[in-house]
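Structure data (mmCIF, C-alpha atoms) from target.cif:
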data_work
#
loop_
_atom_site.group_PDB
_atom_site.id
_atom_site.type_symbol
_atom_site.label_atom_id
_atom_site.label_comp_id
_atom_site.auth_asym_id
_atom_site.auth_seq_id
_atom_site.Cartn_x
_atom_site.Cartn_y
_atom_site.Cartn_z
ATOM 1 C CA MET A 250 -34.243 -42.837 66.289
ATOM 2 C CA SER A 251 -34.112 -39.545 68.170
ATOM 3 C CA HIS A 252 -31.571 -36.950 69.137
ATOM 4 C CA PRO A 253 -31.028 -35.868 72.757
ATOM 5 C CA SER A 254 -33.110 -32.725 72.199
ATOM 6 C CA ASP A 255 -36.131 -34.979 71.474
ATOM 7 C CA LEU A 256 -35.720 -36.856 74.777
ATOM 8 C CA LYS A 257 -35.918 -35.868 78.423
ATOM 9 C CA PRO A 258 -32.534 -35.085 80.006
ATOM 10 C CA LYS A 259 -30.559 -38.131 81.128
ATOM 11 C CA THR A 260 -32.753 -40.576 79.167
ATOM 12 C CA LEU A 261 -31.954 -42.803 76.221
ATOM 13 C CA GLY A 262 -35.494 -43.386 75.036
ATOM 14 C CA ASN A 263 -39.190 -43.127 75.750
ATOM 15 C CA ILE A 264 -42.555 -44.531 74.783
ATOM 16 C CA HIS A 265 -45.902 -42.883 74.175
ATOM 17 C CA TRP A 266 -48.945 -45.101 73.815
ATOM 18 C CA ASN A 267 -52.600 -44.715 73.053
ATOM 19 C CA ALA A 268 -54.701 -47.436 74.656
ATOM 20 C CA ASP A 269 -57.761 -46.522 72.590
ATOM 21 C CA THR A 270 -56.058 -47.029 69.231
ATOM 22 C CA LYS A 271 -53.642 -49.670 70.566
ATOM 23 C CA THR A 272 -50.648 -47.867 69.120
ATOM 24 C CA ALA A 273 -47.305 -46.864 70.572
ATOM 25 C CA VAL A 274 -44.242 -44.937 69.481
ATOM 26 C CA ILE A 275 -40.836 -45.756 70.940
ATOM 27 C CA ARG A 276 -38.003 -43.277 70.616
ATOM 28 C CA VAL A 277 -34.400 -44.404 71.087
ATOM 29 C CA LEU A 278 -31.256 -42.295 71.061
ATOM 30 C CA ALA A 279 -29.783 -42.236 67.555
ATOM 31 C CA SER A 280 -26.557 -44.146 67.021
ATOM 32 C CA SER A 281 -24.838 -40.955 65.874
ATOM 33 C CA ASP A 282 -25.385 -39.493 69.353
ATOM 34 C CA TYR A 283 -23.776 -42.391 71.236
ATOM 35 C CA THR A 284 -20.205 -42.267 72.493
ATOM 36 C CA LEU A 285 -20.022 -46.009 73.197
ATOM 37 C CA ALA A 286 -18.325 -48.572 70.975
ATOM 38 C CA CYS A 287 -20.654 -50.354 68.551
ATOM 39 C CA PRO A 288 -21.276 -53.573 70.560
ATOM 40 C CA GLU A 289 -22.022 -51.619 73.743
ATOM 41 C CA MET A 290 -24.192 -49.146 71.836
ATOM 42 C CA LEU A 291 -26.283 -51.940 70.300
ATOM 43 C CA ALA A 292 -26.703 -53.627 73.694
ATOM 44 C CA ASP A 293 -27.787 -50.317 75.198
ATOM 45 C CA MET A 294 -30.282 -49.707 72.392
ATOM 46 C CA GLU A 295 -31.678 -53.209 72.839
ATOM 47 C CA PHE A 296 -32.058 -52.629 76.584
ATOM 48 C CA THR A 297 -33.835 -49.330 75.916
ATOM 49 C CA VAL A 298 -36.330 -50.868 73.472
ATOM 50 C CA VAL A 299 -37.133 -53.788 75.791
ATOM 51 C CA HIS A 300 -37.356 -51.385 78.756
ATOM 52 C CA GLU A 301 -39.931 -49.275 76.921
ATOM 53 C CA LEU A 302 -41.890 -52.382 75.875
ATOM 54 C CA VAL A 303 -42.045 -53.489 79.523
ATOM 55 C CA HIS A 304 -43.524 -50.078 80.350
ATOM 56 C CA LEU A 305 -46.144 -50.764 77.689
ATOM 57 C CA VAL A 306 -46.996 -54.171 79.156
ATOM 58 C CA LEU A 307 -47.399 -52.568 82.594
ATOM 59 C CA SER A 308 -49.361 -49.587 81.286
ATOM 60 C CA SER A 309 -52.695 -50.862 82.603
ATOM 61 C CA LEU A 310 -51.446 -50.753 86.200
ATOM 62 C CA PRO A 311 -52.167 -47.682 88.338
ATOM 63 C CA ARG A 312 -49.405 -45.059 88.105
ATOM 64 C CA SER A 313 -48.498 -42.031 90.166
ATOM 65 C CA GLN A 314 -45.569 -39.708 90.508
ATOM 66 C CA ALA A 315 -44.933 -41.249 93.937
ATOM 67 C CA SER A 316 -44.559 -44.750 92.464
ATOM 68 C CA ARG A 317 -42.412 -43.635 89.509
ATOM 69 C CA SER A 318 -39.085 -44.587 91.102
ATOM 70 C CA GLU A 319 -40.337 -48.033 92.119
ATOM 71 C CA GLU A 320 -41.796 -48.569 88.655
ATOM 72 C CA GLU A 321 -38.480 -47.691 86.978
ATOM 73 C CA HIS A 322 -36.639 -50.070 89.290
ATOM 74 C CA ALA A 323 -39.089 -52.901 88.532
ATOM 75 C CA VAL A 324 -38.965 -52.203 84.784
ATOM 76 C CA ASN A 325 -35.152 -52.261 84.838
ATOM 77 C CA GLN A 326 -35.138 -55.560 86.748
ATOM 78 C CA LEU A 327 -37.656 -57.154 84.360
ATOM 79 C CA THR A 328 -35.756 -55.878 81.327
ATOM 80 C CA ASP A 329 -32.484 -57.273 82.621
ATOM 81 C CA ALA A 330 -34.089 -60.648 83.375
ATOM 82 C CA LEU A 331 -35.756 -60.868 79.949
ATOM 83 C CA LEU A 332 -32.535 -60.050 78.113
ATOM 84 C CA LYS A 333 -30.511 -62.540 80.177
ATOM 85 C CA LEU A 334 -33.119 -65.213 79.503
ATOM 86 C CA GLU A 335 -33.064 -64.493 75.761
ATOM 87 C CA ARG A 336 -29.242 -64.651 75.642
ATOM 88 C CA ARG A 337 -29.227 -68.059 77.324
ATOM 89 C CA LYS A 338 -31.155 -69.608 74.414
#
This entry written out as structure tokens:
Amino acid sequence: MSHPSDLKPKTLGNIHWNADTKTAVIRVLASSDYTLACPEMLADMEFTVVHELVHLVLSSLPRSQASRSEEEHAVNQLTDALLKLERRK
């Protein structure tokens, strides 16, 4: 759990990974810093964690600043699809 000062502006989380050691750290906005009601906050936190895990899965693909916007769009679409699929079970 992280406070806004630990995250980039206008983000709710991030991930930092080390391929050599096969480790990763995910940071998610702390519940005390949310202004949403509890159910919406938990859904948002879940989306953020899955979103960051999708980034991790895609981490072996080539990345560039030019492709950043397309990557974020794809990660958001995959995250949404995974969560919808899980909720249908």
Using only C-alpha atoms, find each residue of stretch 257-303 of chain A with at least one atom at most 10 Å away from an atom of stretch 317-328 of chain A; report its shortest atom-to-atom pair and that distance in Å (one decimal), sort the rows by chain and rising residue number, and return the result as a tab-separated table.
residue	atom	partner	partner_atom	distance
A:Glu295	CA	A:Thr328	CA	9.8
A:Phe296	CA	A:Thr328	CA	6.8
A:Thr297	CA	A:Thr328	CA	8.7
A:Val298	CA	A:Thr328	CA	9.3
A:Val299	CA	A:Thr328	CA	6.1
A:His300	CA	A:Thr328	CA	5.4
A:Glu301	CA	A:Val324	CA	8.4
A:Leu302	CA	A:Thr328	CA	8.9
A:Val303	CA	A:Val324	CA	6.2
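Picture a line from atom CA of A:Pro311 to atom CA of A:Asp255; it runs 26.5 Å.
Between atom CA of A:His252 and atom CA of A:His304 lies a distance of 21.0 Å.
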Correct to one decimal, the distance atom CA of A:Glu335-atom CA of A:Met250 is 23.7 Å
Taking the file above as input, evaluate the PyMOL selection byres ((chain A and resi 251) around 10) and report the hits as JSON, numbers by chain. {"A": [250, 252, 253, 254, 255, 256, 261, 262, 263, 275, 276, 277, 278, 279, 280, 281, 282]}
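Taking all atoms listed in the file into account, those protein, DNA and RNA residues with any atom at most 12 Å away from (-53.3, -50.1, 82.1) amount to Trp266, Asn267, Ala268, Asp269, Lys271, His304, Leu305, Val306, Leu307, Ser308, Ser309, Leu310, Pro311 and Arg312 of chain A.
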